[in-house]
$ cat work-v6.cif   # mmCIF, C-alpha atoms
data_coords
#
loop_
_atom_site.label_atom_id
_atom_site.label_comp_id
_atom_site.auth_asym_id
_atom_site.auth_seq_id
_atom_site.Cartn_x
_atom_site.Cartn_y
_atom_site.Cartn_z
CA MET E 50 137.48 -184.83 41.27
CA ALA E 51 137.52 -181.74 39.06
CA VAL E 52 135.69 -179.85 41.80
CA ILE E 53 138.33 -180.67 44.42
CA GLU E 54 141.09 -179.71 41.99
CA SER E 55 139.41 -176.40 41.28
CA ILE E 56 139.07 -175.70 45.02
CA ILE E 57 142.78 -176.38 45.58
CA GLN E 58 143.76 -174.24 42.59
CA HIS E 59 141.76 -171.25 43.72
CA TYR E 60 141.87 -171.55 47.52
CA ASN E 61 144.40 -168.71 47.85
CA HIS E 62 142.30 -166.47 45.66
CA TRP E 63 139.12 -167.14 47.58
CA ILE E 64 140.69 -166.49 50.97
CA MET E 65 142.24 -163.36 49.49
CA ILE E 66 138.83 -162.20 48.28
CA PHE E 67 137.32 -162.92 51.70
CA LEU E 68 140.02 -160.87 53.42
CA MET E 69 139.64 -158.01 50.96
CA VAL E 70 135.85 -157.93 51.27
CA SER E 71 136.05 -158.03 55.08
CA GLY E 72 138.40 -155.06 54.98
CA LEU E 73 136.00 -153.22 52.69
CA TYR E 74 133.07 -154.05 54.97
CA ILE E 75 134.90 -152.74 58.05
CA VAL E 76 135.86 -149.53 56.26
CA VAL E 77 132.30 -148.87 55.08
CA ASN E 78 130.33 -150.04 58.11
CA ARG E 79 132.36 -149.27 61.24
CA GLY E 80 132.43 -145.70 62.54
CA ASN E 81 135.47 -146.02 64.76
CA MET E 82 138.53 -144.62 63.01
CA VAL E 83 141.10 -147.03 64.49
CA LYS E 84 138.88 -149.90 63.36
CA LYS E 85 138.66 -148.33 59.92
CA LEU E 86 142.46 -148.23 59.71
CA VAL E 87 142.68 -151.90 60.75
CA GLY E 88 140.19 -152.63 57.96
CA LEU E 89 142.31 -150.72 55.48
CA SER E 90 145.38 -152.73 56.42
CA LEU E 91 143.36 -155.96 56.04
CA PHE E 92 142.47 -154.80 52.54
CA GLN E 93 146.12 -154.02 51.88
CA THR E 94 147.50 -157.36 53.10
CA SER E 95 145.02 -159.21 50.90
CA VAL E 96 146.68 -157.46 47.96
CA TYR E 97 150.07 -158.76 49.15
CA LEU E 98 148.62 -162.23 48.94
CA ILE E 99 147.27 -161.74 45.42
CA TYR E 100 150.70 -160.55 44.25
CA ILE E 101 152.81 -163.25 45.91
CA THR E 102 150.56 -166.20 44.98
CA PRO E 103 151.25 -166.31 41.19
CA GLY E 104 155.00 -165.86 41.81
CA LYS E 105 155.24 -169.27 43.47
CA ILE E 106 156.40 -172.24 41.40
CA LEU E 107 155.69 -175.66 42.87
CA GLY E 108 159.02 -177.33 43.58
CA GLY E 109 160.85 -174.00 43.37
CA THR E 110 162.99 -172.40 46.05
CA PRO E 111 163.25 -168.82 47.32
CA PRO E 112 165.11 -166.65 44.77
CA ILE E 113 168.53 -166.76 46.40
CA LEU E 114 170.97 -168.07 43.81
CA ASP E 115 172.90 -171.21 44.58
CA ASP E 116 174.41 -174.00 42.48
CA ALA E 117 172.29 -176.60 44.24
CA PHE E 118 168.99 -175.28 42.82
CA THR E 119 167.70 -174.59 39.35
CA VAL E 120 164.04 -173.61 39.84
CA TYR E 121 163.37 -170.36 41.65
CA SER E 122 160.13 -168.59 42.43
CA ASN E 123 159.58 -165.27 40.71
CA PRO E 124 161.45 -162.50 42.58
CA LEU E 125 159.65 -159.56 40.99
CA PRO E 126 156.38 -159.70 43.01
CA HIS E 127 158.45 -160.01 46.18
CA VAL E 128 160.22 -156.76 45.42
CA LEU E 129 156.97 -154.95 44.65
CA ILE E 130 155.35 -156.16 47.87
CA LEU E 131 158.38 -155.28 49.98
CA THR E 132 157.93 -151.73 48.75
CA ALA E 133 154.18 -151.90 49.37
CA ILE E 134 154.58 -153.11 52.98
CA VAL E 135 156.95 -150.30 53.89
CA VAL E 136 154.83 -147.65 52.18
CA GLY E 137 151.78 -149.19 53.87
CA VAL E 138 153.20 -148.73 57.35
CA ALA E 139 154.14 -145.15 56.50
CA THR E 140 150.59 -144.31 55.43
CA LEU E 141 149.22 -146.16 58.48
CA ALA E 142 151.38 -144.00 60.74
CA LEU E 143 150.06 -140.91 58.98
CA GLY E 144 146.46 -142.06 59.41
CA LEU E 145 146.98 -142.81 63.09
CA ALA E 146 148.55 -139.38 63.63
CA LEU E 147 145.44 -137.85 62.04
CA VAL E 148 143.26 -139.93 64.41
CA VAL E 149 145.19 -138.60 67.40
CA ARG E 150 144.75 -135.04 66.16
CA ILE E 151 141.01 -135.54 65.55
CA ASN E 152 140.66 -136.91 69.07
CA GLU E 153 142.48 -133.86 70.44
CA ALA E 154 140.36 -131.42 68.51
CA TYR E 155 136.89 -133.00 68.82
CA GLY E 156 137.20 -135.40 71.77
CA SER E 157 135.98 -138.41 69.81
CA ILE E 158 137.09 -140.87 67.15
CA GLU E 159 133.59 -142.14 66.36
CA GLU E 160 132.19 -140.95 63.05
CA ASP E 161 128.60 -140.65 64.36
CA GLU E 162 129.61 -138.48 67.33
CA LEU E 163 131.73 -136.30 65.08
CA PHE E 164 128.80 -135.74 62.70
CA ALA E 165 126.50 -134.97 65.64
CA ASN E 166 128.96 -132.41 66.98
CA GLY E 167 129.21 -130.82 63.54
CA GLU E 168 125.43 -130.37 63.32
CA ASP E 169 125.38 -128.64 66.70
CA GLY E 170 127.80 -126.12 65.28
CA THR E 171 130.40 -126.79 67.95
CA MET B 61 145.97 -173.98 53.34
CA VAL B 62 145.62 -174.37 57.11
CA LEU B 63 147.33 -171.03 57.62
CA LEU B 64 145.00 -169.35 55.17
CA THR B 65 141.96 -170.79 56.94
CA LEU B 66 143.33 -169.53 60.25
CA MET B 67 143.73 -166.08 58.67
CA ALA B 68 140.09 -166.12 57.60
CA ILE B 69 139.02 -167.03 61.16
CA ILE B 70 141.13 -164.20 62.61
CA THR B 71 139.51 -161.84 60.13
CA VAL B 72 136.04 -162.81 61.34
CA GLY B 73 137.29 -162.04 64.85
CA ILE B 74 138.56 -158.63 63.79
CA VAL B 75 135.21 -157.78 62.23
CA ARG B 76 133.17 -158.89 65.24
CA ILE B 77 135.15 -157.81 68.32
CA ARG B 78 134.35 -154.35 69.67
CA ASN B 79 137.21 -154.05 72.12
CA LEU B 80 139.83 -152.22 70.06
CA PHE B 81 142.71 -153.62 72.13
CA GLY B 82 141.61 -157.11 71.13
CA VAL B 83 141.31 -156.01 67.51
CA VAL B 84 144.87 -154.70 67.48
CA VAL B 85 146.26 -157.88 69.06
CA LEU B 86 144.32 -159.96 66.52
CA SER B 87 145.72 -157.90 63.67
CA GLY B 88 149.22 -158.59 65.02
CA ILE B 89 148.47 -162.33 64.97
CA TYR B 90 147.07 -161.89 61.48
CA SER B 91 150.33 -160.29 60.33
CA PHE B 92 152.39 -163.16 61.72
CA LEU B 93 150.15 -165.65 59.93
CA MET B 94 150.58 -163.63 56.75
CA ALA B 95 154.35 -163.82 57.23
CA SER B 96 154.14 -167.62 57.60
CA VAL B 97 152.08 -167.85 54.41
CA MET B 98 154.74 -165.77 52.63
CA ILE B 99 157.43 -168.24 53.73
CA VAL B 100 155.36 -171.10 52.34
CA LEU B 101 155.06 -169.16 49.08
CA ASP B 102 158.90 -168.78 48.90
CA ALA B 103 158.87 -165.04 49.63
CA VAL B 104 161.31 -165.07 52.54
CA ASP B 105 162.27 -161.39 52.29
CA VAL B 106 158.64 -160.34 52.28
CA ALA B 107 157.97 -162.60 55.25
CA MET B 108 160.71 -160.98 57.30
CA THR B 109 159.50 -157.51 56.42
CA GLU B 110 155.89 -158.38 57.20
CA ALA B 111 156.83 -159.93 60.57
CA SER B 112 158.89 -156.94 61.65
CA VAL B 113 156.95 -154.09 60.08
CA GLY B 114 153.40 -155.47 59.88
CA ALA B 115 153.32 -157.35 63.16
CA GLY B 116 155.82 -155.23 65.07
CA ILE B 117 155.77 -151.57 64.16
CA SER B 118 152.09 -151.39 63.12
CA THR B 119 150.96 -153.02 66.37
CA VAL B 120 153.08 -150.70 68.47
CA LEU B 121 151.78 -147.66 66.58
CA MET B 122 148.15 -148.75 67.00
CA LEU B 123 148.61 -149.51 70.70
CA SER B 124 150.11 -146.08 71.30
CA VAL B 125 147.17 -144.48 69.50
CA LEU B 126 144.76 -146.50 71.67
CA TYR B 127 146.63 -145.20 74.71
CA LEU B 128 146.10 -141.64 73.49
CA THR B 129 142.42 -142.17 72.60
CA LYS B 130 139.98 -144.73 73.92
CA SER B 131 139.91 -148.46 73.40
CA ARG B 132 136.19 -149.17 73.16
CA GLU B 133 134.20 -149.04 69.94
CA SER B 134 130.61 -147.81 70.13
CA VAL B 135 127.78 -149.81 68.55
CA PRO B 136 127.15 -148.54 65.03
CA THR B 137 123.77 -146.88 64.58
CA SER B 138 123.48 -147.36 60.83
CA THR B 139 122.18 -150.65 59.45
CA PRO B 140 124.80 -153.00 58.02
CA LEU B 141 122.62 -153.76 54.98
CA PHE B 142 124.22 -151.35 52.51
CA PRO B 143 127.84 -152.28 53.37
CA VAL B 144 126.94 -155.97 53.14
CA ILE B 145 125.49 -155.44 49.66
CA VAL B 146 128.57 -153.49 48.55
CA ALA B 147 130.91 -156.14 49.95
CA ALA B 148 128.92 -159.01 48.45
CA ALA B 149 128.84 -157.36 45.03
CA ALA B 150 132.60 -156.78 45.13
CA ALA B 151 133.16 -160.39 46.21
CA ALA B 152 130.97 -161.72 43.43
CA MET B 153 132.85 -159.75 40.78
CA LEU B 154 136.24 -160.84 42.16
CA LEU B 155 135.13 -164.48 42.32
CA PHE B 156 134.05 -164.26 38.70
CA GLY B 157 137.51 -162.88 37.91
CA THR B 158 139.35 -165.75 39.60
CA LEU B 159 137.81 -168.27 37.21
CA ASP B 160 140.13 -167.05 34.44
CA LEU B 161 143.30 -166.98 36.53
CA PRO B 162 146.03 -169.47 35.65
CA PRO B 163 146.49 -172.55 37.88
CA PHE B 164 148.55 -172.27 41.03
CA GLY B 165 152.27 -172.96 41.03
CA GLU B 166 152.97 -173.71 37.37
CA ALA B 167 156.12 -172.43 35.70
CA ALA B 168 154.51 -171.90 32.30
CA THR B 169 152.17 -169.05 33.31
CA ALA B 170 152.56 -165.52 31.95
CA VAL B 171 153.97 -164.14 35.21
CA HIS B 172 157.18 -166.11 34.79
CA GLN B 173 157.82 -165.24 31.13
CA HIS B 174 158.90 -161.58 31.08
CA VAL B 175 161.77 -159.99 32.99
CA ALA B 176 162.00 -162.43 35.88
CA PRO B 177 164.04 -165.08 33.97
CA HIS B 178 166.49 -162.37 32.95
CA TYR B 179 166.91 -161.26 36.57
CA LEU B 180 167.40 -164.83 37.73
CA ALA B 181 169.92 -165.62 34.99
CA LYS B 182 171.94 -162.41 34.96
CA SER B 183 171.76 -161.16 38.55
CA MET B 184 175.00 -162.79 39.60
CA GLU B 185 177.14 -161.47 36.75
CA GLU B 186 175.51 -158.03 36.48
CA THR B 187 175.22 -157.11 40.16
CA GLY B 188 177.12 -159.77 42.09
CA VAL B 189 174.30 -160.23 44.60
CA PRO B 190 173.08 -163.82 45.11
CA ASN B 191 169.75 -162.72 46.61
CA VAL B 192 167.77 -161.74 43.51
CA VAL B 193 165.18 -159.82 45.52
CA THR B 194 167.91 -157.56 46.85
CA SER B 195 169.52 -157.06 43.46
CA VAL B 196 166.19 -156.13 41.85
CA LEU B 197 165.25 -153.84 44.74
CA ALA B 198 168.54 -151.99 44.98
CA SER B 199 169.96 -152.24 41.48
CA TYR B 200 167.52 -152.95 38.63
CA ARG B 201 164.66 -151.01 40.21
CA GLY B 202 166.68 -148.63 42.33
CA TYR B 203 164.59 -145.65 41.25
CA ASP B 204 161.46 -147.33 42.60
CA THR B 205 163.17 -147.72 45.94
CA LEU B 206 164.20 -144.07 45.81
CA GLY B 207 160.55 -143.14 45.23
CA GLU B 208 159.54 -145.38 48.14
CA THR B 209 161.94 -143.63 50.49
CA THR B 210 160.54 -140.31 49.28
CA VAL B 211 157.05 -141.47 50.28
CA ILE B 212 158.26 -142.58 53.71
CA PHE B 213 160.14 -139.32 54.19
CA THR B 214 157.03 -137.30 53.31
CA ALA B 215 154.87 -139.40 55.63
CA GLY B 216 157.40 -138.97 58.43
CA ILE B 217 157.45 -135.20 57.99
CA ALA B 218 153.64 -135.11 57.96
CA VAL B 219 153.40 -137.18 61.17
CA LEU B 220 155.95 -134.95 62.87
CA MET B 221 154.06 -131.81 61.82
CA LEU B 222 150.72 -133.19 63.03
CA LEU B 223 152.04 -134.31 66.40
CA ARG B 224 154.18 -131.21 67.00
CA GLY B 225 151.16 -128.99 66.45
CA ARG B 226 149.35 -131.13 69.01
CA ARG B 227 151.94 -130.56 71.71
CA LYS B 228 151.72 -126.79 71.17
CA SER B 229 147.94 -126.76 71.29
CA THR B 230 147.77 -128.90 74.44
CA LYS B 231 150.33 -126.87 76.36
CA PRO B 232 148.17 -123.77 76.95
CA SER B 233 145.25 -125.95 78.06
CA THR B 234 147.38 -127.78 80.63
CA ASP B 235 148.86 -124.51 81.87
CA ALA B 236 145.52 -122.82 82.21
#

$ encode --input "work-v6.cif" --output "structure tokens"
Amino acid sequence: MAVIESIIQHYNHWIMIFLMVSGLYIVVNRGNMVKKLVGLSLFQTSVYLIYITPGKILGGTPPILDDAFTVYSNPLPHVLILTAIVVGVATLALGLALVVRINEAYGSIEEDELFANGEDGT
Amino acid sequence: MVLLTLMAIITVGIVRIRNLFGVVVLSGIYSFLMASVMIVLDAVDVAMTEASVGAGISTVLMLSVLYLTKSRESVPTSTPLFPVIVAAAAAAMLLFGTLDLPPFGEAATAVHQHVAPHYLAKSMEETGVPNVVTSVLASYRGYDTLGETTVIFTAGIAVLMLLRGRRKSTKPSTDA
């Protein structure tokens, strides 16, 4: 019984860790730059999850004030993550623009091919 | 819980698929699932932002980049052993860390003890906004939001500079 309880308590955290580690793995292992950026956003969204999870109160409602409710979930993580999402898409756009430029300049977005070109001195 | 499991499955798909178009579509699905999870966790504002920005704008941006480059990933030449070790070590440390985290969904944890009760109690009389997320974002932490817009502005300028330089450099080659 304690085991099942522990699984339910930490399920969010474990999925979050899995997402984060997958993002890390993609960033380290994959040479394609678009894939790397997808991995980075996976990593980022897992952080959204770790912030929002502790803000939830069981039986609470979204933090929009009304006389009918007394228990609200914590609004502060929501604000922080709103900011993080918007900043995240801005940095993603910047990264993608860099990918486009690299493709223009070197004709490839694969890390291995770029390194090979560099060793040829081209 | 079901949504979270689905997200994990989608993530496996993102790691394994080599067609970048498929990866981008999967990441859009992933963002929508993330938005649904946010609704379940009472973060409705975050869910709306994630659905529009994460699933909408990000997907469009990535698809346009795929249009400008190519949509097939080459097979990696390096062995996956080192990244697997790094990822497994990070996962082990994080798992160890979760053992000390407070239980899910209880009102007595440390997160709910500091400024959040003040915001919830005083938002209406101090700012007059019933949505506490909005009042914190625009009023109590307005300077943070100002900093955020500065970041977006800088990123926008940088993207414009990068892509404008591209148009100039491609013009002579198309003329020649």

$ atom_distance --input "work-v6.cif" --atom1 "CA of Ala148 (chain B)" --atom2 "CA of Leu91 (chain E)"
16.6 Å

$ residues_near_point --input "work-v6.cif" --point "(153.2, -174.6, 36.4)" --cutoff "10 Å" --atoms "only C-alpha atoms" --output "count of residues only"
14

$ resolve_selection --input "work-v6.cif" --expression "the PyMOL selection byres ((chain E) within 6 of (chain B))" --output "JSON, numbers by chain"
{"E": [58, 70, 74, 77, 78, 105, 106, 107, 111, 112, 113, 114, 124, 128, 131, 139, 143, 146]}

$ atom_distance --input "work-v6.cif" --atom1 "CA of Met82 (chain E)" --atom2 "CA of Ala142 (chain E)"
13.1 Å

$ atom_distance --input "work-v6.cif" --atom1 "CA of Leu86 (chain E)" --atom2 "CA of Leu141 (chain E)"
7.2 Å

$ resolve_selection --input "work-v6.cif" --expression "the PyMOL selection byres ((chain E and resi 81) around 7)" --output "number ranges by chain"
E: 79-80, 82-85, 158-160; B: 133
